[in-house]
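Here is the file my_file28.pdb (PDB, C-alpha atoms and all ligand atoms).
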ATOM      1  CA  MET Q   1       8.663  59.728  11.595
ATOM      2  CA  LYS Q   2      11.877  59.533   9.568
ATOM      3  CA  VAL Q   3      12.240  56.291   7.643
ATOM      4  CA  THR Q   4      15.219  55.090   5.610
ATOM      5  CA  VAL Q   5      15.059  52.023   3.357
ATOM      6  CA  LEU Q   6      17.783  50.031   1.617
ATOM      7  CA  SER Q   7      16.304  49.027  -1.726
ATOM      8  CA  GLY Q   8      16.852  47.127  -4.930
ATOM      9  CA  GLY Q   9      14.436  47.423  -7.857
ATOM     10  CA  VAL Q  10      10.977  45.922  -8.056
ATOM     11  CA  GLY Q  11      10.549  44.374  -4.574
ATOM     12  CA  GLY Q  12      12.069  47.468  -3.002
ATOM     13  CA  ALA Q  13      10.041  49.967  -5.010
ATOM     14  CA  LYS Q  14       6.734  48.314  -4.066
ATOM     15  CA  PHE Q  15       7.597  48.575  -0.366
ATOM     16  CA  VAL Q  16       8.848  52.179  -0.638
ATOM     17  CA  LEU Q  17       5.631  53.136  -2.460
ATOM     18  CA  GLY Q  18       3.667  51.659   0.466
ATOM     19  CA  LEU Q  19       5.706  53.766   2.908
ATOM     20  CA  GLN Q  20       5.098  56.858   0.769
ATOM     21  CA  HIS Q  21       1.367  56.378   1.447
ATOM     22  CA  CYS Q  22       1.712  56.027   5.255
ATOM     23  CA  GLU Q  23       0.831  59.356   6.861
ATOM     24  CA  GLU Q  24       3.056  58.652   9.883
ATOM     25  CA  VAL Q  25       6.094  58.804   7.559
ATOM     26  CA  ASP Q  26       7.041  62.445   7.066
ATOM     27  CA  GLN Q  27      10.593  61.955   5.824
ATOM     28  CA  LEU Q  28      11.314  59.021   3.522
ATOM     29  CA  THR Q  29      14.740  58.155   2.105
ATOM     30  CA  ALA Q  30      15.524  55.240  -0.199
ATOM     31  CA  ILE Q  31      19.163  54.169  -0.525
ATOM     32  CA  VAL Q  32      19.221  52.346  -3.829
ATOM     33  CA  ASN Q  33      21.462  49.648  -5.292
ATOM     34  CA  THR Q  34      23.596  50.840  -8.207
ATOM     35  CA  GLY Q  35      25.553  47.587  -8.646
ATOM     36  CA  ASP Q  36      23.241  46.835 -11.612
ATOM     37  CA  ASP Q  37      24.188  50.098 -13.353
ATOM     38  CA  PHE Q  38      25.905  49.700 -16.681
ATOM     39  CA  ARG Q  39      26.798  51.457 -19.895
ATOM     40  CA  HIS Q  40      24.847  50.421 -22.942
ATOM     41  CA  LEU Q  41      24.907  52.112 -26.357
ATOM     42  CA  GLY Q  42      26.917  54.895 -24.750
ATOM     43  CA  MET Q  43      24.303  55.534 -22.076
ATOM     44  CA  HIS Q  44      24.503  55.353 -18.295
ATOM     45  CA  ILE Q  45      21.630  53.118 -17.196
ATOM     46  CA  SER Q  46      20.610  52.796 -13.518
ATOM     47  CA  PRO Q  47      17.855  50.149 -13.516
ATOM     48  CA  ASP Q  48      17.031  50.093  -9.792
ATOM     49  CA  ILE Q  49      16.992  53.882  -9.437
ATOM     50  CA  ASP Q  50      14.727  54.077 -12.502
ATOM     51  CA  THR Q  51      12.354  51.462 -11.066
ATOM     52  CA  LEU Q  52      12.093  53.577  -7.902
ATOM     53  CA  LEU Q  53      11.569  56.805  -9.857
ATOM     54  CA  TYR Q  54       8.927  55.288 -12.143
ATOM     55  CA  THR Q  55       7.124  53.554  -9.266
ATOM     56  CA  LEU Q  56       7.097  56.530  -6.889
ATOM     57  CA  SER Q  57       5.877  58.883  -9.643
ATOM     58  CA  GLY Q  58       3.115  56.489 -10.734
ATOM     59  CA  GLN Q  59       4.673  55.801 -14.154
ATOM     60  CA  ALA Q  60       5.827  52.191 -13.669
ATOM     61  CA  ASN Q  61       4.562  49.484 -15.982
ATOM     62  CA  ALA Q  62       2.686  47.168 -13.636
ATOM     63  CA  THR Q  63       2.375  44.142 -15.934
ATOM     64  CA  GLN Q  64       5.892  44.189 -17.346
ATOM     65  CA  GLY Q  65       7.560  44.746 -13.962
ATOM     66  CA  TRP Q  66      10.093  47.193 -15.440
ATOM     67  CA  GLY Q  67      10.006  50.349 -17.558
ATOM     68  CA  ARG Q  68       7.112  52.752 -18.052
ATOM     69  CA  GLU Q  69       3.401  52.433 -18.637
ATOM     70  CA  GLY Q  70       2.165  53.418 -22.121
ATOM     71  CA  GLU Q  71       5.640  53.167 -23.635
ATOM     72  CA  SER Q  72       6.295  53.145 -27.400
ATOM     73  CA  TRP Q  73       9.117  51.129 -28.999
ATOM     74  CA  ASN Q  74      10.188  52.966 -32.171
ATOM     75  CA  PHE Q  75      13.806  53.226 -31.074
ATOM     76  CA  MET Q  76      14.124  49.472 -30.438
ATOM     77  CA  ALA Q  77      12.523  48.636 -33.805
ATOM     78  CA  ALA Q  78      14.916  50.983 -35.622
ATOM     79  CA  LEU Q  79      17.899  49.674 -33.646
ATOM     80  CA  LYS Q  80      17.007  46.076 -34.459
ATOM     81  CA  ALA Q  81      16.566  46.876 -38.169
ATOM     82  CA  LEU Q  82      20.114  48.230 -38.165
ATOM     83  CA  GLY Q  83      21.449  45.062 -36.521
ATOM     84  CA  GLY Q  84      22.057  46.776 -33.155
ATOM     85  CA  PRO Q  85      21.973  44.872 -29.841
ATOM     86  CA  ASP Q  86      18.368  44.119 -28.898
ATOM     87  CA  TRP Q  87      18.774  42.093 -25.693
ATOM     88  CA  PHE Q  88      18.145  45.116 -23.463
ATOM     89  CA  ASN Q  89      14.806  46.755 -24.201
ATOM     90  CA  LEU Q  90      14.664  50.530 -24.088
ATOM     91  CA  GLY Q  91      11.304  52.226 -24.590
ATOM     92  CA  ASP Q  92      11.213  55.638 -26.254
ATOM     93  CA  GLY Q  93      10.285  57.538 -23.073
ATOM     94  CA  ASP Q  94      12.757  55.528 -20.999
ATOM     95  CA  LEU Q  95      15.440  56.422 -23.531
ATOM     96  CA  ALA Q  96      14.892  60.143 -22.857
ATOM     97  CA  LEU Q  97      15.741  59.542 -19.198
ATOM     98  CA  HIS Q  98      18.965  57.656 -20.041
ATOM     99  CA  VAL Q  99      20.088  60.237 -22.600
ATOM    100  CA  LEU Q 100      19.485  63.087 -20.178
ATOM    101  CA  ARG Q 101      21.217  61.322 -17.275
ATOM    102  CA  THR Q 102      24.221  60.431 -19.425
ATOM    103  CA  GLN Q 103      24.565  63.986 -20.704
ATOM    104  CA  ARG Q 104      24.378  65.459 -17.199
ATOM    105  CA  ILE Q 105      26.927  62.980 -15.817
ATOM    106  CA  GLU Q 106      29.251  63.768 -18.712
ATOM    107  CA  GLN Q 107      28.870  67.465 -17.857
ATOM    108  CA  GLY Q 108      30.273  66.615 -14.416
ATOM    109  CA  HIS Q 109      27.127  66.238 -12.299
ATOM    110  CA  SER Q 110      27.026  63.349  -9.826
ATOM    111  CA  LEU Q 111      24.511  60.513 -10.089
ATOM    112  CA  SER Q 112      22.940  61.657  -6.810
ATOM    113  CA  VAL Q 113      22.387  65.219  -8.070
ATOM    114  CA  VAL Q 114      20.962  63.976 -11.374
ATOM    115  CA  THR Q 115      18.685  61.517  -9.531
ATOM    116  CA  ALA Q 116      17.444  64.234  -7.160
ATOM    117  CA  ASP Q 117      16.635  66.494 -10.136
ATOM    118  CA  LEU Q 118      14.711  63.716 -11.906
ATOM    119  CA  ALA Q 119      12.756  62.966  -8.700
ATOM    120  CA  LYS Q 120      11.941  66.668  -8.348
ATOM    121  CA  ALA Q 121      10.821  66.951 -11.969
ATOM    122  CA  TRP Q 122       8.362  64.106 -11.341
ATOM    123  CA  GLY Q 123       7.111  65.484  -8.013
ATOM    124  CA  ILE Q 124       8.496  62.663  -5.869
ATOM    125  CA  GLY Q 125       8.535  63.667  -2.210
ATOM    126  CA  ALA Q 126      10.884  60.905  -1.050
ATOM    127  CA  SER Q 127      14.676  61.272  -1.285
ATOM    128  CA  VAL Q 128      15.994  58.715  -3.743
ATOM    129  CA  LEU Q 129      19.735  58.316  -3.113
ATOM    130  CA  PRO Q 130      22.101  56.094  -5.062
ATOM    131  CA  MET Q 131      24.151  54.033  -2.593
ATOM    132  CA  SER Q 132      27.252  55.708  -4.062
ATOM    133  CA  ASP Q 133      28.249  58.160  -6.773
ATOM    134  CA  ASP Q 134      31.293  55.961  -7.429
ATOM    135  CA  THR Q 135      31.124  53.048  -9.838
ATOM    136  CA  VAL Q 136      30.338  49.693  -8.225
ATOM    137  CA  ALA Q 137      29.613  46.779 -10.560
ATOM    138  CA  THR Q 138      28.029  43.469  -9.579
ATOM    139  CA  TRP Q 139      29.699  40.449 -11.218
ATOM    140  CA  LEU Q 140      28.662  36.812 -10.969
ATOM    141  CA  GLU Q 141      31.027  33.855 -11.196
ATOM    142  CA  THR Q 142      29.043  31.264 -13.127
ATOM    143  CA  ASP Q 143      29.360  28.024 -15.060
ATOM    144  CA  GLU Q 144      29.536  30.258 -18.163
ATOM    145  CA  GLY Q 145      32.385  32.306 -16.709
ATOM    146  CA  ALA Q 146      32.384  35.704 -15.009
ATOM    147  CA  LEU Q 147      29.338  37.734 -16.062
ATOM    148  CA  PRO Q 148      28.453  41.372 -15.387
ATOM    149  CA  PHE Q 149      25.017  41.655 -13.781
ATOM    150  CA  GLN Q 150      22.954  42.644 -16.832
ATOM    151  CA  SER Q 151      24.485  39.890 -18.992
ATOM    152  CA  TYR Q 152      23.431  37.385 -16.343
ATOM    153  CA  PHE Q 153      20.047  38.905 -15.477
ATOM    154  CA  VAL Q 154      18.672  40.164 -18.785
ATOM    155  CA  GLU Q 155      20.731  38.649 -21.603
ATOM    156  CA  ARG Q 156      20.997  35.130 -20.132
ATOM    157  CA  GLN Q 157      17.735  35.330 -18.110
ATOM    158  CA  CYS Q 158      19.464  34.165 -14.880
ATOM    159  CA  ARG Q 159      20.085  30.704 -16.413
ATOM    160  CA  PRO Q 160      23.804  30.348 -15.547
ATOM    161  CA  ILE Q 161      24.652  28.580 -12.302
ATOM    162  CA  THR Q 162      26.290  30.965  -9.858
ATOM    163  CA  SER Q 163      29.116  30.072  -7.489
ATOM    164  CA  ALA Q 164      30.077  33.536  -6.213
ATOM    165  CA  ILE Q 165      29.087  37.203  -6.439
ATOM    166  CA  ARG Q 166      31.391  40.192  -6.186
ATOM    167  CA  PHE Q 167      31.020  43.954  -6.253
ATOM    168  CA  GLU Q 168      33.809  45.474  -8.281
ATOM    169  CA  GLY Q 169      34.908  48.890  -7.052
ATOM    170  CA  ALA Q 170      33.019  48.594  -3.759
ATOM    171  CA  VAL Q 171      36.072  48.785  -1.478
ATOM    172  CA  ASP Q 172      36.976  52.220  -2.834
ATOM    173  CA  ALA Q 173      33.414  53.529  -3.108
ATOM    174  CA  ARG Q 174      32.090  56.214  -0.797
ATOM    175  CA  PRO Q 175      28.448  56.394   0.283
ATOM    176  CA  ALA Q 176      26.591  59.084  -1.689
ATOM    177  CA  PRO Q 177      25.915  62.388   0.105
ATOM    178  CA  GLY Q 178      23.115  61.988   2.652
ATOM    179  CA  VAL Q 179      23.310  58.187   2.906
ATOM    180  CA  LEU Q 180      25.066  57.855   6.278
ATOM    181  CA  GLN Q 181      23.230  60.844   7.767
ATOM    182  CA  SER Q 182      19.831  59.408   6.821
ATOM    183  CA  LEU Q 183      20.718  56.126   8.565
ATOM    184  CA  ALA Q 184      21.937  57.939  11.691
ATOM    185  CA  ASP Q 185      18.883  60.242  11.848
ATOM    186  CA  ALA Q 186      16.194  57.642  11.069
ATOM    187  CA  ASP Q 187      13.474  56.596  13.508
ATOM    188  CA  ALA Q 188      13.245  53.292  11.627
ATOM    189  CA  VAL Q 189      15.480  51.630   9.049
ATOM    190  CA  PHE Q 190      14.089  48.965   6.724
ATOM    191  CA  ILE Q 191      15.788  46.556   4.377
ATOM    192  CA  ALA Q 192      13.214  46.160   1.593
ATOM    193  CA  PRO Q 193      12.122  42.695   0.380
ATOM    194  CA  SER Q 194      14.733  42.894  -2.372
ATOM    195  CA  ASN Q 195      17.137  40.149  -3.392
ATOM    196  CA  PRO Q 196      19.567  39.985  -0.400
ATOM    197  CA  TRP Q 197      22.486  38.705  -2.519
ATOM    198  CA  LEU Q 198      22.081  40.762  -5.695
ATOM    199  CA  SER Q 199      20.262  43.929  -4.605
ATOM    200  CA  VAL Q 200      21.023  44.543  -0.918
ATOM    201  CA  ASP Q 201      24.575  43.140  -0.623
ATOM    202  CA  PRO Q 202      26.004  45.697  -3.093
ATOM    203  CA  VAL Q 203      24.594  48.478  -0.883
ATOM    204  CA  LEU Q 204      26.073  46.846   2.240
ATOM    205  CA  ALA Q 205      29.418  46.459   0.428
ATOM    206  CA  VAL Q 206      29.898  50.229   0.247
ATOM    207  CA  PRO Q 207      32.233  50.979   3.188
ATOM    208  CA  GLY Q 208      30.414  52.724   6.014
ATOM    209  CA  ILE Q 209      26.858  51.623   5.228
ATOM    210  CA  ALA Q 210      26.838  48.349   7.206
ATOM    211  CA  ASP Q 211      28.530  50.156  10.120
ATOM    212  CA  ALA Q 212      25.857  52.868   9.980
ATOM    213  CA  LEU Q 213      23.207  50.131  10.317
ATOM    214  CA  ARG Q 214      25.031  48.717  13.361
ATOM    215  CA  GLU Q 215      25.420  52.142  14.931
ATOM    216  CA  THR Q 216      22.012  53.727  14.326
ATOM    217  CA  SER Q 217      19.758  53.982  17.372
ATOM    218  CA  ALA Q 218      16.781  53.129  15.138
ATOM    219  CA  PRO Q 219      15.436  49.579  14.895
ATOM    220  CA  VAL Q 220      16.554  47.928  11.645
ATOM    221  CA  ILE Q 221      13.969  45.578  10.154
ATOM    222  CA  ALA Q 222      14.366  43.443   7.063
ATOM    223  CA  ILE Q 223      11.306  42.365   5.089
ATOM    224  CA  SER Q 224      11.735  38.870   3.730
ATOM    225  CA  PRO Q 225      11.582  38.469  -0.069
ATOM    226  CA  LEU Q 226      10.220  34.934   0.383
ATOM    227  CA  VAL Q 227       6.507  34.270   0.077
ATOM    228  CA  GLY Q 228       5.510  30.649   0.597
ATOM    229  CA  GLY Q 229       9.194  29.665   0.499
ATOM    230  CA  LYS Q 230       9.647  31.142  -2.985
ATOM    231  CA  ALA Q 231      10.809  34.426  -4.450
ATOM    232  CA  VAL Q 232       7.927  36.449  -5.878
ATOM    233  CA  LYS Q 233      10.058  37.211  -8.915
ATOM    234  CA  GLY Q 234      13.622  36.789 -10.068
ATOM    235  CA  PRO Q 235      16.436  34.429  -9.154
ATOM    236  CA  THR Q 236      16.543  34.785  -5.341
ATOM    237  CA  THR Q 237      15.742  31.150  -4.452
ATOM    238  CA  LYS Q 238      17.578  29.754  -7.493
ATOM    239  CA  LEU Q 239      20.675  31.620  -6.325
ATOM    240  CA  MET Q 240      20.209  30.478  -2.727
ATOM    241  CA  ALA Q 241      20.122  26.844  -3.871
ATOM    242  CA  GLU Q 242      23.234  27.322  -6.020
ATOM    243  CA  LEU Q 243      25.068  28.950  -3.106
ATOM    244  CA  GLY Q 244      24.046  26.035  -0.833
ATOM    245  CA  ILE Q 245      21.621  28.097   1.272
ATOM    246  CA  ASN Q 246      18.172  26.878   2.399
ATOM    247  CA  ALA Q 247      15.321  28.985   1.037
ATOM    248  CA  ASP Q 248      13.842  29.918   4.417
ATOM    249  CA  ASN Q 249      13.581  32.870   6.765
ATOM    250  CA  GLU Q 250      16.325  31.517   9.020
ATOM    251  CA  ALA Q 251      18.697  31.973   6.075
ATOM    252  CA  ILE Q 252      17.397  35.481   5.304
ATOM    253  CA  ALA Q 253      17.749  36.533   8.965
ATOM    254  CA  GLY Q 254      21.155  34.828   9.130
ATOM    255  CA  HIS Q 255      22.301  36.720   6.061
ATOM    256  CA  TYR Q 256      21.593  40.004   7.867
ATOM    257  CA  ALA Q 257      22.858  38.794  11.270
ATOM    258  CA  GLY Q 258      24.368  41.603  13.325
ATOM    259  CA  LEU Q 259      22.669  44.243  11.177
ATOM    260  CA  ILE Q 260      18.952  43.761  11.878
ATOM    261  CA  SER Q 261      16.835  43.847  14.999
ATOM    262  CA  GLY Q 262      13.884  42.057  13.410
ATOM    263  CA  LEU Q 263      12.520  40.243  10.357
ATOM    264  CA  LEU Q 264       9.023  40.811   8.946
ATOM    265  CA  HIS Q 265       8.044  37.741   6.959
ATOM    266  CA  ASP Q 266       5.096  36.212   5.168
ATOM    267  CA  SER Q 267       2.460  34.454   7.282
ATOM    268  CA  ALA Q 268       2.796  31.337   5.108
ATOM    269  CA  ASP Q 269       6.441  30.849   6.123
ATOM    270  CA  ALA Q 270       8.062  29.748   9.379
ATOM    271  CA  PRO Q 271       9.763  32.518  11.382
ATOM    272  CA  PRO Q 272      13.505  32.468  12.020
ATOM    273  CA  LEU Q 273      14.444  31.330  15.512
ATOM    274  CA  SER Q 274      17.573  33.484  15.670
ATOM    275  CA  THR Q 275      15.898  36.899  15.282
ATOM    276  CA  PRO Q 276      12.744  38.603  16.604
ATOM    277  CA  ALA Q 277      10.093  38.194  13.916
ATOM    278  CA  ARG Q 278       6.575  39.212  12.971
ATOM    279  CA  SER Q 279       4.427  38.004  10.131
ATOM    280  CA  THR Q 280       1.809  39.408   7.789
ATOM    281  CA  ALA Q 281       0.730  38.633   4.224
ATOM    282  CA  THR Q 282       3.712  40.238   2.450
ATOM    283  CA  LEU Q 283       2.689  39.739  -1.193
ATOM    284  CA  MET Q 284       2.277  43.278  -2.544
ATOM    285  CA  THR Q 285      -0.054  43.283  -5.530
ATOM    286  CA  SER Q 286      -2.407  46.214  -4.946
ATOM    287  CA  LEU Q 287      -1.571  49.589  -3.439
ATOM    288  CA  ASP Q 288      -3.514  48.510  -0.337
ATOM    289  CA  ASP Q 289      -1.154  45.513   0.028
ATOM    290  CA  LYS Q 290       1.881  47.786  -0.204
ATOM    291  CA  VAL Q 291       0.523  50.156   2.431
ATOM    292  CA  ARG Q 292      -0.428  47.237   4.685
ATOM    293  CA  VAL Q 293       3.080  45.720   4.522
ATOM    294  CA  ALA Q 294       4.668  49.153   5.066
ATOM    295  CA  ARG Q 295       2.423  49.756   8.074
ATOM    296  CA  ALA Q 296       3.208  46.305   9.521
ATOM    297  CA  ALA Q 297       6.908  47.164   9.272
ATOM    298  CA  ILE Q 298       6.337  50.508  11.032
ATOM    299  CA  VAL Q 299       4.298  48.894  13.825
ATOM    300  CA  PHE Q 300       7.024  46.262  14.298
ATOM    301  CA  ALA Q 301       9.697  48.986  14.426
ATOM    302  CA  GLU Q 302       7.707  50.916  17.030
ATOM    303  CA  ALA Q 303       7.274  47.767  19.127
ATOM    304  CA  LEU Q 304      11.012  47.067  19.015
ATOM    305  CA  LYS Q 305      11.739  50.651  20.041
ATOM    306  CA  ALA Q 306       9.401  50.441  23.021
TER     307      ALA Q 306
HETATM  308  P1  LIG Q 401      15.142  43.699  -8.906
HETATM  309  O1  LIG Q 401      16.407  44.461  -8.683
HETATM  310  O2  LIG Q 401      14.180  44.373  -9.825
HETATM  311  O3  LIG Q 401      15.292  42.235  -9.120
HETATM  312  O4  LIG Q 401      14.356  43.846  -7.573
HETATM  313  P2  LIG Q 401      14.535  43.521  -6.079
HETATM  314  O5  LIG Q 401      15.792  42.858  -5.705
HETATM  315  O6  LIG Q 401      14.107  44.740  -5.333
HETATM  316  O7  LIG Q 401      13.327  42.505  -5.973
HETATM  317  C1  LIG Q 401      13.419  41.135  -6.184
HETATM  318  C2  LIG Q 401      12.991  40.441  -4.914
HETATM  319  O8  LIG Q 401      11.787  41.064  -4.453
HETATM  320  C3  LIG Q 401      12.675  38.988  -5.099
HETATM  321  O9  LIG Q 401      13.443  38.253  -4.178
HETATM  322  C4  LIG Q 401      11.197  38.875  -4.758
HETATM  323  O10 LIG Q 401      10.871  37.711  -4.026
HETATM  324  C5  LIG Q 401      10.948  40.093  -3.914
HETATM  325  N1  LIG Q 401       9.592  40.587  -4.056
HETATM  326  C6  LIG Q 401       9.036  41.095  -5.178
HETATM  327  N2  LIG Q 401       7.749  41.398  -4.946
HETATM  328  C7  LIG Q 401       7.496  41.088  -3.643
HETATM  329  C8  LIG Q 401       6.336  41.173  -2.804
HETATM  330  O11 LIG Q 401       5.260  41.592  -3.230
HETATM  331  N3  LIG Q 401       6.464  40.736  -1.504
HETATM  332  C9  LIG Q 401       7.649  40.245  -1.017
HETATM  333  N4  LIG Q 401       7.694  39.842   0.256
HETATM  334  N5  LIG Q 401       8.751  40.145  -1.788
HETATM  335  C10 LIG Q 401       8.668  40.569  -3.068
END

Show me the file's structure as structure tokens.
Amino acid sequence: MKVTVLSGGVGGAKFVLGLQHCEEVDQLTAIVNTGDDFRHLGMHISPDIDTLLYTLSGQANATQGWGREGESWNFMAALKALGGPDWFNLGDGDLALHVLRTQRIEQGHSLSVVTADLAKAWGIGASVLPMSDDTVATWLETDEGALPFQSYFVERQCRPITSAIRFEGAVDARPAPGVLQSLADADAVFIAPSNPWLSVDPVLAVPGIADALRETSAPVIAISPLVGGKAVKGPTTKLMAELGINADNEAIAGHYAGLISGLLHDSADAPPLSTPARSTATLMTSLDDKVRVARAAIVFAEALKA
């Protein structure tokens, strides 16, 4: 079957890796958030795309939750010694990826072409598509003023209190090549258990993508990022509280109202009443967990289709 997933970084990559190991999936496309992309030290950095590429090629650092396994840090040490900015860690191998991507983009190649070439070089069978080749930047309105995503997330460790989130450039952005087609052609569409406000909303803000979800004949299933009423990682529930939203599956389903046909959620949490739902243990630690959650999503999609 053909499966298309909207994905952020870590939560999304774990789910997409599970799908990559399901034999019933013969065409897998991930549409990835690029609202977190930024320029740093002259380089174009695409954190969520990189998390997908590292995870799907078996290079992701499992303990750290970002970057590569077996990384060395000579560049950061040298940068720090020179008084350079050290709030965003760049491993030596990771750096090679950013340098290469930046050079290719400056030569006129699109982010989607560069991403496809990187995926090919690492033998990744899935299509990893940026949501757009145009620049979209996530900004948070906080008690410390307006902050670009990485300043909020990495530099200030999600401490500021958020009152609003916006996606600069989204209204003029076009979906990257293949994005709308993969949603129209899919047998099942999944919204990964990524942060709905920071990782999935930027994707949905690109004109045409939300409409493609409404128009596809495939079931659209979101996987809840809540496990036992809490986010597994990151600021999802902190943000929900600050935005005045209850941290429950009713709120997650409500957030995607009109776009999804079902919500797959953790067995420890109550289902939403507003949306068809199924539960399983959704915490993805081992590869077996990831495959199990992916398979539960596929079975749910098939049931909704029938
Ligand atoms: P980021 O861009 O790296 O922050 O990644 P995402 O937005 O893709 O992932 C963050 C979200 O993933 C958080 O809301 C987590 O609760 C959720 N998440 C991470 N791991 C898991 C997991 O194993 N199971 C579920 N259900 N959610 C997860």

Would you pick out the contacts of Q:Pro47 at 8 Å or less, using all atoms listed in the file, so that residues sharing its chain but fewer than 2 positions from it are not included, and give the list as a VMD selection string?
chain Q and resid 9 34 36 to 37 45 49 to 51

Selected residues written out, C-alpha atoms, as a JSON list (two decimals), in the coordinates of the input:
[["chain", "number", "residue", "atom", "x", "y", "z"],
["Q", 9, "GLY", "CA", 14.44, 47.42, -7.86],
["Q", 34, "THR", "CA", 23.60, 50.84, -8.21],
["Q", 36, "ASP", "CA", 23.24, 46.84, -11.61],
["Q", 37, "ASP", "CA", 24.19, 50.10, -13.35],
["Q", 45, "ILE", "CA", 21.63, 53.12, -17.20],
["Q", 49, "ILE", "CA", 16.99, 53.88, -9.44],
["Q", 50, "ASP", "CA", 14.73, 54.08, -12.50],
["Q", 51, "THR", "CA", 12.35, 51.46, -11.07]]

Please identify every polymer residue within 9 Å of ligand LIG 401 (chain Q), using all atoms listed in the file, and present the set as a VMD selection string.
chain Q and resid 7 to 15 33 36 47 to 48 51 65 to 66 153 192 to 200 223 to 227 230 to 237 264 to 266 281 to 285 289 to 290 293

Please write as a ChimeraX atom specification the full residue list that the PyMOL selection byres (((chain Q and resi 118) around 12) and not hetatm) yields on this file.
/Q:49-50,52-54,56-57,96-98,100-101,104,111-117,119-129

Using all atoms listed in the file for the distances, tell me which of Q:Arg295, Q:Lys305, Q:Arg166, Q:Lys238 is nearest to Q:Gly35.
Q:Arg166

I'd like to see the residues matched by the PyMOL selection byres (((chain Q and resi 149-152) around 10) and not hetatm) on this file, and ideally I'd get them as a ChimeraX atom specification.
/Q:35-38,47,87-88,137-142,144,146-148,153-162,165,167,198

(31.1, 60.6, -10.1) in this file's frame - what residues fall within 8 Å of it? Use all atoms listed in the file and give the answer as a ChimeraX atom specification.
/Q:105,108-111,133-135

Show which residues sit within 12 Å of Q:Asp86, as a PyMOL selection string. Count only C-alpha atoms, and ignore same-chain residues fewer than 2 positions away.
chain Q and resi 40-41+73+75-84+88-91+154-155

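Here the PyMOL selection byres (((chain Q and resi 273) around 12) and not hetatm) matches the residues Asp248, Asn249, Glu250, Ala251, Ile252, Ala253, Gly254, Gly262, Leu263, Ala270, Pro271, Pro272, Ser274, Thr275, Pro276, Ala277 and Arg278 of chain Q.
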
Would you give the centre and edge lengths, in Å to one decimal, of a box along x, y and z around the listed atoms of stretch 232-241 of chain Q, with 3 Å added to each side, as AutoDock Vina command-line options?
--center_x 14.3 --center_y 32.0 --center_z -6.4 --size_x 18.7 --size_y 16.4 --size_z 13.3

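Here atom CA of Q:Ala212 and atom CA of Q:Ser279 stand 26.1 Å from one another.
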
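Here atom CA of Q:Asp92 stands at a distance of 29.2 Å from atom CA of Q:Ala176.
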
Would you work out the distance separating atom CA of Q:Thr29 from atom CA of Q:Val179, expressed in Å to one decimal?
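Between atom CA of Q:Thr29 and atom CA of Q:Val179 the gap works out to 8.6 Å.
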
Mind listing as a list of chain:residue names all residues within 9 Å of (17.7, 49.7, 14.2), counting all atoms listed in the file?
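I get Q:Ala186, Q:Asp187, Q:Ala188, Q:Val189, Q:Phe190, Q:Leu213, Q:Arg214, Q:Glu215, Q:Thr216, Q:Ser217, Q:Ala218, Q:Pro219, Q:Val220, Q:Ile221, Q:Leu259, Q:Ile260, Q:Ser261, Q:Gly262, Q:Ala301, Q:Leu304, Q:Lys305 for the residues within 9 Å of that point.
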
Deliver the residues from the most recent selection as a file, using C-alpha atoms, as a PDB file, in the coordinates of the input.
ATOM      1  CA  ALA Q 186      16.194  57.642  11.069  1.00  0.00           C
ATOM      2  CA  ASP Q 187      13.474  56.596  13.508  1.00  0.00           C
ATOM      3  CA  ALA Q 188      13.245  53.292  11.627  1.00  0.00           C
ATOM      4  CA  VAL Q 189      15.480  51.630   9.049  1.00  0.00           C
ATOM      5  CA  PHE Q 190      14.089  48.965   6.724  1.00  0.00           C
ATOM      6  CA  LEU Q 213      23.207  50.131  10.317  1.00  0.00           C
ATOM      7  CA  ARG Q 214      25.031  48.717  13.361  1.00  0.00           C
ATOM      8  CA  GLU Q 215      25.420  52.142  14.931  1.00  0.00           C
ATOM      9  CA  THR Q 216      22.012  53.727  14.326  1.00  0.00           C
ATOM     10  CA  SER Q 217      19.758  53.982  17.372  1.00  0.00           C
ATOM     11  CA  ALA Q 218      16.781  53.129  15.138  1.00  0.00           C
ATOM     12  CA  PRO Q 219      15.436  49.579  14.895  1.00  0.00           C
ATOM     13  CA  VAL Q 220      16.554  47.928  11.645  1.00  0.00           C
ATOM     14  CA  ILE Q 221      13.969  45.578  10.154  1.00  0.00           C
ATOM     15  CA  LEU Q 259      22.669  44.243  11.177  1.00  0.00           C
ATOM     16  CA  ILE Q 260      18.952  43.761  11.878  1.00  0.00           C
ATOM     17  CA  SER Q 261      16.835  43.847  14.999  1.00  0.00           C
ATOM     18  CA  GLY Q 262      13.884  42.057  13.410  1.00  0.00           C
ATOM     19  CA  ALA Q 301       9.697  48.986  14.426  1.00  0.00           C
ATOM     20  CA  LEU Q 304      11.012  47.067  19.015  1.00  0.00           C
ATOM     21  CA  LYS Q 305      11.739  50.651  20.041  1.00  0.00           C
TER      22      LYS Q 305
END
